[in-house]
Every structure is written in structure tokens, then in C-alpha cells.
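Undergrad: This is coords38.txt (compact mmCIF, N, CA and C atoms).
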# COMPACT_ATOMS: atom_id res chain seq x y z
N MET A 181 0.82 -1.20 0.00
CA MET A 181 0.00 0.00 0.00
C MET A 181 0.87 1.26 0.00
N GLN A 182 2.01 1.19 0.69
CA GLN A 182 2.85 2.37 0.76
C GLN A 182 3.41 2.74 -0.60
N LYS A 183 3.67 1.76 -1.44
CA LYS A 183 4.18 2.06 -2.78
C LYS A 183 3.13 2.83 -3.57
N ALA A 184 1.89 2.41 -3.47
CA ALA A 184 0.80 3.11 -4.17
C ALA A 184 0.64 4.52 -3.62
N GLU A 185 0.76 4.67 -2.30
CA GLU A 185 0.67 6.01 -1.70
C GLU A 185 1.79 6.91 -2.19
N ARG A 186 2.99 6.35 -2.28
CA ARG A 186 4.12 7.15 -2.77
C ARG A 186 3.93 7.58 -4.22
N ILE A 187 3.50 6.64 -5.03
CA ILE A 187 3.27 6.95 -6.44
C ILE A 187 2.17 8.00 -6.57
N PHE A 188 1.08 7.82 -5.85
CA PHE A 188 -0.04 8.76 -5.92
C PHE A 188 0.40 10.15 -5.47
N SER A 189 1.09 10.23 -4.33
CA SER A 189 1.55 11.52 -3.82
C SER A 189 2.52 12.19 -4.79
N PHE A 190 3.40 11.40 -5.39
CA PHE A 190 4.35 11.93 -6.35
C PHE A 190 3.65 12.47 -7.59
N VAL A 191 2.68 11.72 -8.10
CA VAL A 191 1.92 12.17 -9.29
C VAL A 191 1.16 13.46 -8.98
N ILE A 192 0.53 13.53 -7.81
CA ILE A 192 -0.19 14.75 -7.44
C ILE A 192 0.77 15.92 -7.32
N ALA A 193 1.96 15.69 -6.76
CA ALA A 193 2.96 16.75 -6.66
C ALA A 193 3.37 17.24 -8.05
N LEU A 194 3.55 16.31 -8.98
CA LEU A 194 3.90 16.70 -10.36
C LEU A 194 2.77 17.49 -11.01
N LEU A 195 1.54 17.06 -10.79
CA LEU A 195 0.39 17.80 -11.34
C LEU A 195 0.32 19.21 -10.75
N CYS A 196 0.57 19.34 -9.47
CA CYS A 196 0.56 20.67 -8.85
C CYS A 196 1.69 21.54 -9.40
N LEU A 197 2.85 20.95 -9.63
CA LEU A 197 3.95 21.71 -10.24
C LEU A 197 3.59 22.19 -11.64
N GLY A 198 2.98 21.30 -12.43
CA GLY A 198 2.52 21.69 -13.76
C GLY A 198 1.49 22.81 -13.70
N TYR A 199 0.57 22.68 -12.76
CA TYR A 199 -0.46 23.70 -12.56
C TYR A 199 0.20 25.04 -12.20
N LEU A 200 1.15 25.00 -11.27
CA LEU A 200 1.84 26.23 -10.86
C LEU A 200 2.64 26.83 -12.01
N PHE A 201 3.19 26.00 -12.88
CA PHE A 201 3.92 26.50 -14.04
C PHE A 201 3.01 27.38 -14.90
N PHE A 202 1.80 26.92 -15.15
CA PHE A 202 0.87 27.70 -15.97
C PHE A 202 0.34 28.92 -15.23
N VAL A 203 0.19 28.82 -13.92
CA VAL A 203 -0.25 29.97 -13.13
C VAL A 203 0.82 31.06 -13.16
N TRP A 204 2.09 30.65 -13.05
CA TRP A 204 3.18 31.62 -13.04
C TRP A 204 3.33 32.32 -14.38
N LYS A 205 2.86 31.70 -15.46
CA LYS A 205 2.94 32.33 -16.78
C LYS A 205 1.93 33.46 -16.91
N MET A 206 0.92 33.46 -16.03
CA MET A 206 -0.05 34.56 -16.05
C MET A 206 0.62 35.82 -15.51
N ASP A 207 0.28 36.95 -16.07
CA ASP A 207 0.92 38.20 -15.67
C ASP A 207 0.24 38.88 -14.49
N GLU A 208 -0.84 38.31 -14.00
CA GLU A 208 -1.66 39.01 -13.02
C GLU A 208 -1.59 38.37 -11.63
N LEU A 209 -0.37 38.11 -11.12
CA LEU A 209 -0.24 37.50 -9.80
C LEU A 209 -0.57 38.50 -8.71
N GLY A 210 -0.06 39.70 -8.81
CA GLY A 210 -0.35 40.72 -7.81
C GLY A 210 0.40 40.46 -6.51
N SER A 211 -0.15 40.98 -5.42
CA SER A 211 0.47 40.80 -4.10
C SER A 211 -0.62 40.46 -3.09
N VAL A 212 -0.21 40.28 -1.85
CA VAL A 212 -1.19 39.97 -0.81
C VAL A 212 -2.14 41.14 -0.61
N ASN A 213 -1.62 42.36 -0.68
CA ASN A 213 -2.45 43.55 -0.50
C ASN A 213 -3.35 43.83 -1.70
N GLU A 214 -2.83 43.55 -2.88
CA GLU A 214 -3.59 43.76 -4.12
C GLU A 214 -3.47 42.52 -4.99
N PRO A 215 -4.24 41.47 -4.67
CA PRO A 215 -4.12 40.23 -5.45
C PRO A 215 -4.64 40.38 -6.86
N GLY A 216 -3.92 39.75 -7.79
CA GLY A 216 -4.36 39.73 -9.17
C GLY A 216 -5.17 38.48 -9.45
N ALA A 217 -5.49 38.27 -10.71
CA ALA A 217 -6.33 37.13 -11.09
C ALA A 217 -5.66 35.80 -10.83
N ALA A 218 -4.33 35.75 -10.84
CA ALA A 218 -3.61 34.49 -10.65
C ALA A 218 -3.22 34.24 -9.19
N PHE A 219 -3.52 35.17 -8.29
CA PHE A 219 -3.08 35.03 -6.91
C PHE A 219 -3.73 33.83 -6.23
N PHE A 220 -5.03 33.73 -6.26
CA PHE A 220 -5.73 32.63 -5.60
C PHE A 220 -5.39 31.27 -6.23
N PRO A 221 -5.35 31.15 -7.57
CA PRO A 221 -4.89 29.88 -8.13
C PRO A 221 -3.46 29.52 -7.71
N ALA A 222 -2.59 30.51 -7.56
CA ALA A 222 -1.23 30.23 -7.11
C ALA A 222 -1.23 29.72 -5.68
N VAL A 223 -2.04 30.31 -4.82
CA VAL A 223 -2.14 29.85 -3.43
C VAL A 223 -2.64 28.41 -3.40
N LEU A 224 -3.67 28.11 -4.18
CA LEU A 224 -4.20 26.74 -4.22
C LEU A 224 -3.17 25.75 -4.74
N GLY A 225 -2.43 26.13 -5.76
CA GLY A 225 -1.39 25.26 -6.29
C GLY A 225 -0.30 24.99 -5.27
N MET A 226 0.10 26.02 -4.53
CA MET A 226 1.13 25.83 -3.52
C MET A 226 0.61 24.97 -2.36
N LEU A 227 -0.64 25.16 -1.98
CA LEU A 227 -1.22 24.32 -0.93
C LEU A 227 -1.29 22.86 -1.38
N GLY A 228 -1.69 22.63 -2.62
CA GLY A 228 -1.74 21.28 -3.15
C GLY A 228 -0.36 20.64 -3.21
N LEU A 229 0.63 21.41 -3.63
CA LEU A 229 2.00 20.91 -3.68
C LEU A 229 2.51 20.58 -2.29
N ALA A 230 2.28 21.48 -1.34
CA ALA A 230 2.74 21.24 0.04
C ALA A 230 2.06 20.00 0.63
N THR A 231 0.77 19.85 0.40
CA THR A 231 0.04 18.70 0.92
C THR A 231 0.54 17.40 0.30
N SER A 232 0.74 17.39 -1.00
CA SER A 232 1.20 16.16 -1.66
C SER A 232 2.61 15.80 -1.23
N LEU A 233 3.48 16.81 -1.05
CA LEU A 233 4.83 16.52 -0.58
C LEU A 233 4.83 16.02 0.86
N LYS A 234 3.94 16.55 1.68
CA LYS A 234 3.80 16.07 3.07
C LYS A 234 3.34 14.61 3.07
N LEU A 235 2.36 14.29 2.24
CA LEU A 235 1.90 12.90 2.16
C LEU A 235 2.99 11.97 1.64
N LEU A 236 3.76 12.45 0.67
CA LEU A 236 4.87 11.65 0.15
C LEU A 236 5.91 11.39 1.24
N LEU A 237 6.28 12.42 1.96
CA LEU A 237 7.25 12.28 3.03
C LEU A 237 6.74 11.34 4.12
N THR A 238 5.48 11.49 4.50
CA THR A 238 4.89 10.63 5.53
C THR A 238 4.90 9.17 5.10
N SER A 239 4.56 8.89 3.85
CA SER A 239 4.54 7.50 3.39
C SER A 239 5.95 6.93 3.27
N MET A 240 6.93 7.79 3.01
CA MET A 240 8.31 7.31 2.91
C MET A 240 8.91 7.02 4.29
N LEU A 241 8.49 7.77 5.30
CA LEU A 241 9.04 7.59 6.64
C LEU A 241 8.29 6.56 7.47
N ALA A 242 7.09 6.16 7.03
CA ALA A 242 6.30 5.19 7.78
C ALA A 242 6.92 3.80 7.65
N PRO A 243 6.86 3.01 8.72
CA PRO A 243 7.40 1.65 8.63
C PRO A 243 6.55 0.81 7.67
N ALA A 244 7.21 -0.10 6.99
CA ALA A 244 6.51 -0.96 6.03
C ALA A 244 5.59 -1.92 6.79
N ASP A 245 4.33 -1.97 6.40
CA ASP A 245 3.39 -2.86 7.08
C ASP A 245 3.24 -4.19 6.35
N GLY A 246 3.62 -4.24 5.08
CA GLY A 246 3.58 -5.48 4.32
C GLY A 246 2.19 -5.97 3.96
N LYS A 247 1.18 -5.22 4.31
CA LYS A 247 -0.19 -5.64 4.02
C LYS A 247 -0.68 -4.97 2.74
N ALA A 248 -1.27 -5.75 1.90
CA ALA A 248 -1.88 -5.20 0.69
C ALA A 248 -3.34 -4.90 0.98
N VAL A 249 -3.79 -3.75 0.57
CA VAL A 249 -5.18 -3.36 0.79
C VAL A 249 -5.91 -3.41 -0.54
N ASN A 250 -6.96 -4.18 -0.58
CA ASN A 250 -7.77 -4.26 -1.78
C ASN A 250 -8.92 -3.27 -1.68
N ILE A 251 -9.05 -2.47 -2.71
CA ILE A 251 -10.15 -1.51 -2.76
C ILE A 251 -11.38 -2.24 -3.30
N PRO A 252 -12.51 -2.15 -2.61
CA PRO A 252 -13.72 -2.81 -3.11
C PRO A 252 -14.11 -2.26 -4.48
N LYS A 253 -14.60 -3.13 -5.36
CA LYS A 253 -14.95 -2.70 -6.72
C LYS A 253 -16.00 -1.59 -6.75
N PRO A 254 -17.05 -1.62 -5.91
CA PRO A 254 -18.00 -0.50 -5.94
C PRO A 254 -17.33 0.84 -5.57
N GLY A 255 -16.42 0.80 -4.59
CA GLY A 255 -15.73 2.02 -4.20
C GLY A 255 -14.82 2.53 -5.30
N LEU A 256 -14.13 1.62 -5.97
CA LEU A 256 -13.26 2.00 -7.08
C LEU A 256 -14.07 2.59 -8.23
N LEU A 257 -15.21 1.97 -8.53
CA LEU A 257 -16.07 2.47 -9.60
C LEU A 257 -16.59 3.87 -9.26
N ARG A 258 -17.01 4.08 -8.01
CA ARG A 258 -17.47 5.42 -7.60
C ARG A 258 -16.36 6.44 -7.74
N PHE A 259 -15.14 6.06 -7.35
CA PHE A 259 -14.01 6.97 -7.47
C PHE A 259 -13.74 7.33 -8.93
N LEU A 260 -13.77 6.33 -9.81
CA LEU A 260 -13.50 6.58 -11.23
C LEU A 260 -14.58 7.45 -11.86
N ILE A 261 -15.84 7.25 -11.49
CA ILE A 261 -16.92 8.10 -11.99
C ILE A 261 -16.74 9.52 -11.47
N TYR A 262 -16.40 9.65 -10.21
CA TYR A 262 -16.16 10.95 -9.59
C TYR A 262 -15.02 11.68 -10.32
N LEU A 263 -13.94 10.95 -10.59
CA LEU A 263 -12.80 11.53 -11.30
C LEU A 263 -13.17 11.93 -12.73
N ALA A 264 -13.89 11.06 -13.42
CA ALA A 264 -14.30 11.35 -14.81
C ALA A 264 -15.22 12.57 -14.85
N ALA A 265 -16.17 12.65 -13.93
CA ALA A 265 -17.08 13.80 -13.90
C ALA A 265 -16.32 15.09 -13.64
N SER A 266 -15.36 15.03 -12.74
CA SER A 266 -14.57 16.22 -12.43
C SER A 266 -13.72 16.66 -13.62
N LEU A 267 -13.15 15.70 -14.34
CA LEU A 267 -12.33 16.03 -15.51
C LEU A 267 -13.19 16.51 -16.69
N LEU A 268 -14.37 15.92 -16.85
CA LEU A 268 -15.26 16.35 -17.94
C LEU A 268 -15.86 17.73 -17.68
N PHE A 269 -15.86 18.16 -16.43
CA PHE A 269 -16.39 19.48 -16.10
C PHE A 269 -15.65 20.57 -16.85
N ILE A 270 -14.35 20.40 -17.03
CA ILE A 270 -13.54 21.45 -17.67
C ILE A 270 -13.98 21.72 -19.11
N PRO A 271 -14.04 20.72 -19.99
CA PRO A 271 -14.50 21.04 -21.35
C PRO A 271 -15.99 21.40 -21.40
N PHE A 272 -16.79 20.80 -20.53
CA PHE A 272 -18.21 21.14 -20.51
C PHE A 272 -18.42 22.59 -20.09
N PHE A 273 -17.59 23.08 -19.18
CA PHE A 273 -17.70 24.45 -18.70
C PHE A 273 -17.60 25.44 -19.84
N GLU A 274 -16.66 25.20 -20.73
CA GLU A 274 -16.47 26.10 -21.88
C GLU A 274 -17.51 25.87 -22.98
N ASN A 275 -17.80 24.61 -23.29
CA ASN A 275 -18.63 24.30 -24.45
C ASN A 275 -20.13 24.35 -24.16
N LEU A 276 -20.54 23.86 -23.00
CA LEU A 276 -21.97 23.87 -22.68
C LEU A 276 -22.38 25.09 -21.88
N GLY A 277 -21.42 25.74 -21.27
CA GLY A 277 -21.71 26.90 -20.45
C GLY A 277 -21.58 26.57 -18.97
N ALA A 278 -21.35 27.60 -18.18
CA ALA A 278 -21.11 27.41 -16.76
C ALA A 278 -22.33 26.84 -16.05
N ASN A 279 -23.50 27.35 -16.34
CA ASN A 279 -24.70 26.91 -15.62
C ASN A 279 -25.00 25.43 -15.86
N ILE A 280 -24.93 24.99 -17.08
CA ILE A 280 -25.21 23.59 -17.39
C ILE A 280 -24.11 22.70 -16.82
N ALA A 281 -22.85 23.11 -16.94
CA ALA A 281 -21.74 22.30 -16.45
C ALA A 281 -21.79 22.14 -14.93
N ILE A 282 -22.07 23.23 -14.22
CA ILE A 282 -22.17 23.16 -12.76
C ILE A 282 -23.34 22.27 -12.36
N PHE A 283 -24.47 22.44 -13.03
CA PHE A 283 -25.65 21.61 -12.75
C PHE A 283 -25.31 20.13 -12.94
N MET A 284 -24.70 19.79 -14.07
CA MET A 284 -24.38 18.39 -14.36
C MET A 284 -23.37 17.83 -13.36
N LEU A 285 -22.34 18.61 -13.04
CA LEU A 285 -21.32 18.14 -12.10
C LEU A 285 -21.92 17.84 -10.73
N VAL A 286 -22.67 18.77 -10.21
CA VAL A 286 -23.25 18.58 -8.87
C VAL A 286 -24.25 17.42 -8.89
N LEU A 287 -25.03 17.31 -9.94
CA LEU A 287 -26.00 16.21 -10.03
C LEU A 287 -25.30 14.86 -10.05
N VAL A 288 -24.28 14.72 -10.89
CA VAL A 288 -23.56 13.44 -10.98
C VAL A 288 -22.86 13.13 -9.66
N LEU A 289 -22.20 14.12 -9.08
CA LEU A 289 -21.45 13.86 -7.85
C LEU A 289 -22.37 13.51 -6.68
N THR A 290 -23.52 14.14 -6.59
CA THR A 290 -24.44 13.79 -5.51
C THR A 290 -24.98 12.37 -5.68
N LYS A 291 -25.24 11.98 -6.92
CA LYS A 291 -25.71 10.60 -7.15
C LYS A 291 -24.59 9.59 -6.88
N VAL A 292 -23.37 9.92 -7.29
CA VAL A 292 -22.24 9.02 -7.04
C VAL A 292 -21.99 8.87 -5.54
N LEU A 293 -22.17 9.95 -4.80
CA LEU A 293 -21.95 9.91 -3.37
C LEU A 293 -23.09 9.23 -2.61
N GLY A 294 -24.12 8.80 -3.33
CA GLY A 294 -25.15 7.98 -2.70
C GLY A 294 -26.47 8.66 -2.41
N ALA A 295 -26.74 9.82 -2.98
CA ALA A 295 -28.02 10.47 -2.74
C ALA A 295 -29.15 9.62 -3.30
N LYS A 296 -30.19 9.46 -2.51
CA LYS A 296 -31.35 8.67 -2.93
C LYS A 296 -32.35 9.57 -3.66
N GLY A 297 -33.02 9.00 -4.63
CA GLY A 297 -34.03 9.75 -5.37
C GLY A 297 -33.42 10.77 -6.30
N TRP A 298 -34.30 11.63 -6.84
CA TRP A 298 -33.85 12.66 -7.78
C TRP A 298 -34.20 14.07 -7.34
N VAL A 299 -35.14 14.21 -6.45
CA VAL A 299 -35.60 15.55 -6.08
C VAL A 299 -34.48 16.35 -5.40
N ARG A 300 -33.87 15.79 -4.39
CA ARG A 300 -32.81 16.52 -3.68
C ARG A 300 -31.58 16.76 -4.55
N PRO A 301 -31.08 15.77 -5.29
CA PRO A 301 -29.93 16.06 -6.15
C PRO A 301 -30.21 17.13 -7.20
N VAL A 302 -31.41 17.10 -7.81
CA VAL A 302 -31.76 18.12 -8.81
C VAL A 302 -31.89 19.49 -8.13
N ALA A 303 -32.47 19.52 -6.94
CA ALA A 303 -32.61 20.79 -6.22
C ALA A 303 -31.24 21.34 -5.84
N LEU A 304 -30.34 20.49 -5.37
CA LEU A 304 -28.99 20.93 -5.01
C LEU A 304 -28.23 21.40 -6.24
N ALA A 305 -28.34 20.68 -7.35
CA ALA A 305 -27.66 21.08 -8.58
C ALA A 305 -28.20 22.41 -9.09
N SER A 306 -29.50 22.59 -9.03
CA SER A 306 -30.11 23.85 -9.47
C SER A 306 -29.67 25.00 -8.59
N ALA A 307 -29.68 24.77 -7.28
CA ALA A 307 -29.25 25.82 -6.35
C ALA A 307 -27.78 26.16 -6.55
N SER A 308 -26.95 25.17 -6.82
CA SER A 308 -25.52 25.42 -7.05
C SER A 308 -25.31 26.28 -8.29
N SER A 309 -26.04 25.97 -9.36
CA SER A 309 -25.94 26.79 -10.58
C SER A 309 -26.42 28.21 -10.33
N ALA A 310 -27.51 28.34 -9.60
CA ALA A 310 -28.07 29.67 -9.32
C ALA A 310 -27.12 30.49 -8.46
N VAL A 311 -26.54 29.87 -7.43
CA VAL A 311 -25.61 30.59 -6.56
C VAL A 311 -24.37 31.01 -7.33
N ALA A 312 -23.84 30.13 -8.18
CA ALA A 312 -22.67 30.49 -8.98
C ALA A 312 -23.00 31.66 -9.90
N TYR A 313 -24.17 31.63 -10.53
CA TYR A 313 -24.58 32.72 -11.41
C TYR A 313 -24.71 34.03 -10.63
N LEU A 314 -25.40 33.97 -9.50
CA LEU A 314 -25.60 35.19 -8.71
C LEU A 314 -24.27 35.73 -8.19
N LEU A 315 -23.42 34.85 -7.74
CA LEU A 315 -22.14 35.29 -7.19
C LEU A 315 -21.24 35.90 -8.25
N PHE A 316 -21.03 35.17 -9.34
CA PHE A 316 -20.06 35.64 -10.33
C PHE A 316 -20.64 36.67 -11.29
N VAL A 317 -21.78 36.40 -11.88
CA VAL A 317 -22.31 37.29 -12.91
C VAL A 317 -22.96 38.53 -12.30
N VAL A 318 -23.79 38.34 -11.29
CA VAL A 318 -24.54 39.47 -10.74
C VAL A 318 -23.69 40.28 -9.76
N MET A 319 -23.14 39.60 -8.74
CA MET A 319 -22.45 40.35 -7.69
C MET A 319 -21.03 40.79 -8.08
N LEU A 320 -20.23 39.88 -8.63
CA LEU A 320 -18.85 40.21 -8.97
C LEU A 320 -18.68 40.72 -10.39
N GLU A 321 -19.74 40.61 -11.20
CA GLU A 321 -19.74 41.04 -12.60
C GLU A 321 -18.61 40.39 -13.40
N VAL A 322 -18.42 39.09 -13.15
CA VAL A 322 -17.43 38.30 -13.88
C VAL A 322 -18.21 37.45 -14.88
N PRO A 323 -17.97 37.65 -16.16
CA PRO A 323 -18.71 36.85 -17.14
C PRO A 323 -18.28 35.39 -17.11
N LEU A 324 -19.26 34.50 -17.11
CA LEU A 324 -19.00 33.07 -17.17
C LEU A 324 -19.32 32.60 -18.59
N PRO A 325 -18.68 31.52 -19.02
CA PRO A 325 -18.98 31.00 -20.36
C PRO A 325 -20.47 30.70 -20.50
N ARG A 326 -21.06 31.18 -21.58
CA ARG A 326 -22.50 31.00 -21.78
C ARG A 326 -22.82 29.70 -22.48
N GLY A 327 -21.90 29.20 -23.28
CA GLY A 327 -22.12 27.92 -23.96
C GLY A 327 -23.33 27.96 -24.86
N LEU A 328 -24.26 27.04 -24.64
CA LEU A 328 -25.45 26.93 -25.47
C LEU A 328 -26.40 28.11 -25.30
N PHE A 329 -26.32 28.77 -24.18
CA PHE A 329 -27.24 29.88 -23.92
C PHE A 329 -26.51 31.19 -24.03
Using C-alpha cells, write down the structure from this file.
TA:
Amino acid sequence: MQKAERIFSFVIALLCLGYLFFVWKMDELGSVNEPGAAFFPAVLGMLGLATSLKLLLTSMLAPADGKAVNIPKPGLLRFLIYLAASLLFIPFFENLGANIAIFMLVLVLTKVLGAKGWVRPVALASASSAVAYLLFVVMLEVPLPRGLF
């Protein structure tokens, strides 16, 4: 299990480094007093890198337990669906629009996480899209991709 943890932590650290590389290419980093558009993404990238390096170090310093842990197939399937939905959110955000992409992401993730029925997941997905619209478009006046609409 420790080998898998090391590999996972290392891959996440590499992804965070790649993310930070693209954030640093943005010209709008700003400062703590006057943050630019890239400031918050840079903070998130550094937090992700620090966390992944901490996990890597912890797994390297932990004594070997020699036990293999099998992930149950339903749990692995839920994880893969969760990962696929999160990755598909990015192209859907641009092509279908922010409101539809947020609605779809929240709906899929709530169902994957075990929500029963459809009323609550649809209500949560609708509320999430509405809050994102109100926050970004109305209050902050930040245009979101419109996509189909």
C-alpha cells in the first residue's frame, strides 16, 4: 500500500507543479495587499503541492506494514466516476456553459456519493448553478462561459 501512496503523492505533486507552471505564466499575480487574477490559483497550487509533498514524506518515513489493501470494486467504480465527472467538467464548462456544467457536475457527484431519489440532487444542482450565477455574474460582474445559452 505504501508504494501506491508514494506513487499517488508523487503524481499529485507533479500535477501541482505543472499547474503552478501555468499559473506563473499569467501576468496578473499581484500581491497579498492587491491580489491579481492568478493570486488565488497560485495559493491553491502551492497548498496542493505542500500537501502532496507532506503525504509523500509521511509515506516514505512510515514503517513498512507489508499488508496489501484491496479496494472494493464499488468504491473504485465510484471513485472513477467521480474523477471522470470532475475532468469532464472542464470542457463542458467552456462548451456547454457554466450553468449547465455546474448543474451536471453537482447532479452526478451527488448521485455518485449515494443520494437517494432525484428531487434533492436536482434541487442541489439547481441551487448550485443559481448561486454560482448570482455570485459571479450578478455580484462580482465576472462573465462566465455561456455555452449553449
Undergrad: Could you go through chain A and tell me which residues DSSP, when run on the backbone, assigns to helix (DSSP H, G or I), listing them as a VMD selection string?
TA: chain A and resid 182 to 205 219 to 241 253 to 275 278 to 292 299 to 319
Undergrad: Could you check which of A:Leu320, A:Trp298, A:Ser232, A:Ser239 is closest to A:Val191, using only N, CA and C atoms?
TA: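 Checking each of A:Leu320, A:Trp298, A:Ser232, A:Ser239 against A:Val191, counting only N, CA and C atoms, the winner is A:Ser232.
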Undergrad: Which value, in Å to one decimal, gives the distance between atom CA of A:Val292 and atom CA of A:Ile261?
TA: 7.3 Å
Undergrad: One decimal, in Å: what's the spacing between atom N of A:Leu324 and atom CA of A:Phe273?
TA: 10.3 Å
Undergrad: Just how far from atom CA of A:Ile187 is atom CA of A:Leu267, in Å to one decimal?
TA: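 Atom CA of A:Ile187 lies 20.2 Å from atom CA of A:Leu267.
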Undergrad: Quick one: everything within 8 Å of A:Met226, counting all atoms listed in the file, minus sequence neighbours fewer than 4 positions away in the same chain. Send it as a list of chain:residue names.
TA: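 Counting only the stated atoms, we get A:Cys196, A:Leu197, A:Tyr199, A:Leu200, A:Phe220, A:Pro221, A:Ala222, A:Ala230, A:Thr231, A:Ser232.
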Undergrad: Tell me, as an NGL selection string, which residues lie within 8 Å of A:Leu304, counting only N, CA and C atoms; anything in the same chain fewer than 5 positions away does not count.
TA: :A and (282-283 or 286-287 or 298-299 or 309-310)
Undergrad: Taking the block above, write stretch 205-224 of chain A with N, CA, C and O atoms as a PDB file, in the first residue's frame.
TA:
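Saved result, selection-v6.pdb, follows:
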ATOM      1  N   LYS A 205       2.862  31.703 -15.459  1.00  0.00           N
ATOM      2  CA  LYS A 205       2.939  32.333 -16.776  1.00  0.00           C
ATOM      3  C   LYS A 205       1.926  33.463 -16.909  1.00  0.00           C
ATOM      4  O   LYS A 205       2.051  34.303 -17.791  1.00  0.00           O
ATOM      5  N   MET A 206       0.922  33.464 -16.030  1.00  0.00           N
ATOM      6  CA  MET A 206      -0.054  34.557 -16.046  1.00  0.00           C
ATOM      7  C   MET A 206       0.624  35.818 -15.509  1.00  0.00           C
ATOM      8  O   MET A 206       1.437  35.763 -14.602  1.00  0.00           O
ATOM      9  N   ASP A 207       0.281  36.947 -16.067  1.00  0.00           N
ATOM     10  CA  ASP A 207       0.916  38.203 -15.670  1.00  0.00           C
ATOM     11  C   ASP A 207       0.243  38.875 -14.487  1.00  0.00           C
ATOM     12  O   ASP A 207       0.707  39.888 -14.012  1.00  0.00           O
ATOM     13  N   GLU A 208      -0.837  38.308 -13.997  1.00  0.00           N
ATOM     14  CA  GLU A 208      -1.659  39.006 -13.016  1.00  0.00           C
ATOM     15  C   GLU A 208      -1.589  38.373 -11.633  1.00  0.00           C
ATOM     16  O   GLU A 208      -2.600  38.153 -10.992  1.00  0.00           O
ATOM     17  N   LEU A 209      -0.371  38.105 -11.122  1.00  0.00           N
ATOM     18  CA  LEU A 209      -0.237  37.501  -9.802  1.00  0.00           C
ATOM     19  C   LEU A 209      -0.569  38.505  -8.714  1.00  0.00           C
ATOM     20  O   LEU A 209      -1.307  38.193  -7.791  1.00  0.00           O
ATOM     21  N   GLY A 210      -0.056  39.697  -8.815  1.00  0.00           N
ATOM     22  CA  GLY A 210      -0.347  40.721  -7.807  1.00  0.00           C
ATOM     23  C   GLY A 210       0.403  40.458  -6.515  1.00  0.00           C
ATOM     24  O   GLY A 210       1.424  39.792  -6.483  1.00  0.00           O
ATOM     25  N   SER A 211      -0.145  40.976  -5.416  1.00  0.00           N
ATOM     26  CA  SER A 211       0.474  40.800  -4.102  1.00  0.00           C
ATOM     27  C   SER A 211      -0.617  40.461  -3.094  1.00  0.00           C
ATOM     28  O   SER A 211      -1.798  40.424  -3.433  1.00  0.00           O
ATOM     29  N   VAL A 212      -0.212  40.278  -1.850  1.00  0.00           N
ATOM     30  CA  VAL A 212      -1.192  39.966  -0.813  1.00  0.00           C
ATOM     31  C   VAL A 212      -2.144  41.144  -0.613  1.00  0.00           C
ATOM     32  O   VAL A 212      -3.350  40.962  -0.431  1.00  0.00           O
ATOM     33  N   ASN A 213      -1.616  42.363  -0.683  1.00  0.00           N
ATOM     34  CA  ASN A 213      -2.452  43.554  -0.499  1.00  0.00           C
ATOM     35  C   ASN A 213      -3.346  43.829  -1.701  1.00  0.00           C
ATOM     36  O   ASN A 213      -4.457  44.320  -1.540  1.00  0.00           O
ATOM     37  N   GLU A 214      -2.834  43.549  -2.882  1.00  0.00           N
ATOM     38  CA  GLU A 214      -3.592  43.760  -4.115  1.00  0.00           C
ATOM     39  C   GLU A 214      -3.469  42.522  -4.993  1.00  0.00           C
ATOM     40  O   GLU A 214      -2.694  42.500  -5.944  1.00  0.00           O
ATOM     41  N   PRO A 215      -4.241  41.472  -4.675  1.00  0.00           N
ATOM     42  CA  PRO A 215      -4.116  40.227  -5.449  1.00  0.00           C
ATOM     43  C   PRO A 215      -4.641  40.383  -6.865  1.00  0.00           C
ATOM     44  O   PRO A 215      -5.628  41.063  -7.111  1.00  0.00           O
ATOM     45  N   GLY A 216      -3.925  39.753  -7.787  1.00  0.00           N
ATOM     46  CA  GLY A 216      -4.360  39.729  -9.174  1.00  0.00           C
ATOM     47  C   GLY A 216      -5.172  38.479  -9.451  1.00  0.00           C
ATOM     48  O   GLY A 216      -5.491  37.688  -8.546  1.00  0.00           O
ATOM     49  N   ALA A 217      -5.495  38.269 -10.706  1.00  0.00           N
ATOM     50  CA  ALA A 217      -6.326  37.133 -11.091  1.00  0.00           C
ATOM     51  C   ALA A 217      -5.655  35.795 -10.825  1.00  0.00           C
ATOM     52  O   ALA A 217      -6.319  34.797 -10.582  1.00  0.00           O
ATOM     53  N   ALA A 218      -4.330  35.751 -10.837  1.00  0.00           N
ATOM     54  CA  ALA A 218      -3.609  34.491 -10.646  1.00  0.00           C
ATOM     55  C   ALA A 218      -3.223  34.237  -9.194  1.00  0.00           C
ATOM     56  O   ALA A 218      -2.663  33.197  -8.879  1.00  0.00           O
ATOM     57  N   PHE A 219      -3.519  35.167  -8.294  1.00  0.00           N
ATOM     58  CA  PHE A 219      -3.081  35.027  -6.911  1.00  0.00           C
ATOM     59  C   PHE A 219      -3.733  33.829  -6.228  1.00  0.00           C
ATOM     60  O   PHE A 219      -3.044  32.983  -5.655  1.00  0.00           O
ATOM     61  N   PHE A 220      -5.034  33.732  -6.265  1.00  0.00           N
ATOM     62  CA  PHE A 220      -5.729  32.627  -5.597  1.00  0.00           C
ATOM     63  C   PHE A 220      -5.386  31.273  -6.229  1.00  0.00           C
ATOM     64  O   PHE A 220      -5.121  30.318  -5.486  1.00  0.00           O
ATOM     65  N   PRO A 221      -5.349  31.150  -7.567  1.00  0.00           N
ATOM     66  CA  PRO A 221      -4.892  29.879  -8.129  1.00  0.00           C
ATOM     67  C   PRO A 221      -3.458  29.520  -7.706  1.00  0.00           C
ATOM     68  O   PRO A 221      -3.162  28.345  -7.486  1.00  0.00           O
ATOM     69  N   ALA A 222      -2.594  30.512  -7.560  1.00  0.00           N
ATOM     70  CA  ALA A 222      -1.229  30.234  -7.112  1.00  0.00           C
ATOM     71  C   ALA A 222      -1.225  29.719  -5.679  1.00  0.00           C
ATOM     72  O   ALA A 222      -0.493  28.773  -5.350  1.00  0.00           O
ATOM     73  N   VAL A 223      -2.037  30.312  -4.819  1.00  0.00           N
ATOM     74  CA  VAL A 223      -2.137  29.850  -3.433  1.00  0.00           C
ATOM     75  C   VAL A 223      -2.644  28.411  -3.402  1.00  0.00           C
ATOM     76  O   VAL A 223      -2.107  27.561  -2.679  1.00  0.00           O
ATOM     77  N   LEU A 224      -3.670  28.113  -4.184  1.00  0.00           N
ATOM     78  CA  LEU A 224      -4.204  26.744  -4.218  1.00  0.00           C
ATOM     79  C   LEU A 224      -3.172  25.752  -4.736  1.00  0.00           C
ATOM     80  O   LEU A 224      -3.046  24.643  -4.209  1.00  0.00           O
TER      81      LEU A 224
END
